[in-house]
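Below: the structure, in structure tokens.
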Amino acid sequence: MTLFAAVPAAAFEQPPVTSRLVVAGGIENGAYRAALVIDLPDGWHTYWRNPGDAGIPPIFDVAKSANLGDFSIDYPVPARHVDGAGTSLVYQGRLTLPIRAVPARPGEPVTLAVRVLYGLCEQVCIPAEADVSARLEPMAAADPEAAAAIAAAAARVPVRHDDGRLAVDALHFDRKVGRGRVEVSVTDDGRLVDLFAAGPVRWYAAPPEPAGEDNGRRRFVVALEGPAGAKGADGIALSFVLAERTGAFEVVRRLDAATE
């Protein structure tokens with residue numbers, strides 16, 4: 001997987017990027033609702049948690065936070081971007097990533113310090129980083145504008161829901177080279193706009209490629225690459241995101257050698 005163009009980042013001037021943390025208000029149900037907001041310049045993009053054929057996913061560091069017990073970040077549905085490097089899964093414009101922050105000591109403020117490394121790409125990709133922080137107060141007043149922005153981004157985050165529409169039809173994996181493909185299909189009822197996939201740690205699942213339609217199902221092929229020494233793909237769990245007209249859903253399928 002290509003991380004960045006083989007050109008020194010210093011050879012390109014990084015465009016202005018504005019990054020900040022927004023907070024919905026005080027603590028709710030034991031956690032703060034916040035979001036990392038990155039305003040990307042026109043014509044530039046960054047990447048989803050599985051970047052696709054090129055790029056890197058955002059890498060987060062919250063080690064400098066104070067009284068932070070648990071931290072999680074959600075990813076809204078990305079868009080496909082096709083260029084000479086292949087197919088990538090990207091964000092453009094204003095990116096809002098919802099955050100859930102749980103204090104280590106309930107009732108006390110949290111200093112949320114977030115450092116994120118990400119790829120910033122136009123014709124070439126350069127490494128970029130944001131270093132932002134916010135103080136989260138238990139009794140802070142609500143911020144309606146921030147709450148609305150967080151809620152809008154959260155509405156585009158896939159929810160776990162499995163109605164059985166997606167099936168793994170075949171698994172082909174060459175143990176000698178640690179690569180293969182997974183054939184999947186989705187019931188074609190007019191709702192599906194696109195399909196995305198992500199593998200477990202050290203496994204790479206390429207963006208699903210459309211492979212036609214038949215018998216009322218849309219078919220896709222996912223190229224799969226394992227880590228060095230992988231003995232096979234049997235038992236590997238892939239996460240699939242079904243981007244639909246009215247929302248997005250995430251389902252997990254465990255690969256079965258019986259489908260090979």
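In the structure tokens, each chain is lettered A, B, ... as it comes, each chain's residues begin at 1, and ligands are numbered from 1 in order of appearance.
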- prompt: Could you pull the residues within 12 Å of Asp174 of chain A, counting only C-alpha atoms, minus those fewer than 3 positions along the same chain, as an NGL selection string?
  reply: :A and (171 or 177-182 or 223-226 or 229-234 or 257 or 260)
For the interface of segment 21-100 of chain A with segment 197-216 of chain A (cut-off 8 Å, counting only C-alpha atoms), please tabulate each contacting residue of segment 21-100 of chain A alongside its nearest pair of atoms and their separation in Å to one decimal, rows sorted by chain and increasing number, as CSV.
```
residue,atom,partner,partner_atom,distance
A:Asn50,CA,A:Ala198,CA,5.9
A:Gly52,CA,A:Ala206,CA,5.6
A:Asp53,CA,A:Ala206,CA,6.5
A:Thr87,CA,A:Pro207,CA,6.9
A:Ser88,CA,A:Pro207,CA,7.4
A:Leu89,CA,A:Pro207,CA,7.7
```
- request: Check the DSSP output for the backbone and give back, as a PyMOL selection string, the residues of segment 140-241 of chain A in alpha helix (DSSP H).
  value: chain A and resi 144-154
- prompt: Contacts of Val17 of chain A at 10 Å or less, counting only C-alpha atoms, minus same-chain residues fewer than 5 places along, as an MDAnalysis selection string?
  reply: chainID A and resid 38:41 120 128:130
message: Quick one: residues within 6 Å of Val132 of chain A, only C-alpha atoms, excluding same-chain residues fewer than 3 positions away - as a list in words?
response: Arg20, Ala113 and Val114 of chain A
- prompt: Which of these, A:Ala151, A:Leu117, A:Val62, A:Ala170, has the shortest distance to Ala34 of chain A once you count only C-alpha atoms?
  reply: A:Ala151
- request: Mind listing the strand (DSSP E or B) residues of segment 11-217 of chain A, per DSSP on the backbone, as a ChimeraX atom specification?
  value: /A:18-23,28,31-39,45-52,54,59-61,66,68-73,79-83,86-92,94-103,110-121,125-136,159-160,166-174,179-187,192-198,204-205,209-214,217
- request: Considering only C-alpha atoms, return as a ChimeraX atom specification whatever protein or nucleic-acid residues lie within 12 Å of Trp44 of chain A, sequence-local ones (same chain, fewer than 3 positions apart) excluded.
  value: /A:14-17,38-41,47,81,90-95,119-126
query: Please, what distance in Å, to one decimal, runs between atom CA of Leu242 of chain A and atom CA of Leu195 of chain A?
result: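 Between these atoms lies a distance of 5.0 Å.
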- request: Return the single residue from A:Val168, A:Ala237, A:Val157, A:Val222 that is closest to Ile73 of chain A, with distances computed using only C-alpha atoms.
  value: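 Of all the options, A:Val157 lies closest to Ile73 of chain A.
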- prompt: A:Ile236, A:Val116, A:Ala154, A:Ala141: which is nearest Pro76 of chain A, counting only C-alpha atoms?
  reply: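 Between A:Ile236, A:Val116, A:Ala154, A:Ala141, the residue approaching Pro76 of chain A most closely is A:Ala154.
Closest approach to Leu68 of chain A among A:Leu112, A:Leu97, A:Val82, A:Ala146 is made by A:Leu112 (distances from only C-alpha atoms).
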task: Tell me which of A:Gly164, A:Arg100, A:Val184, A:Leu36 sits closest to Phe249 of chain A, counting only C-alpha atoms.
output: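 The closest residue to Phe249 of chain A is A:Gly164.
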- prompt: Smallest atom-to-atom distance to Asp162 of chain A: which of A:Arg245, A:Val221, A:Val252, A:Leu136, using only C-alpha atoms?
  reply: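 The shortest atom-to-atom distance to Asp162 of chain A comes from A:Val252.
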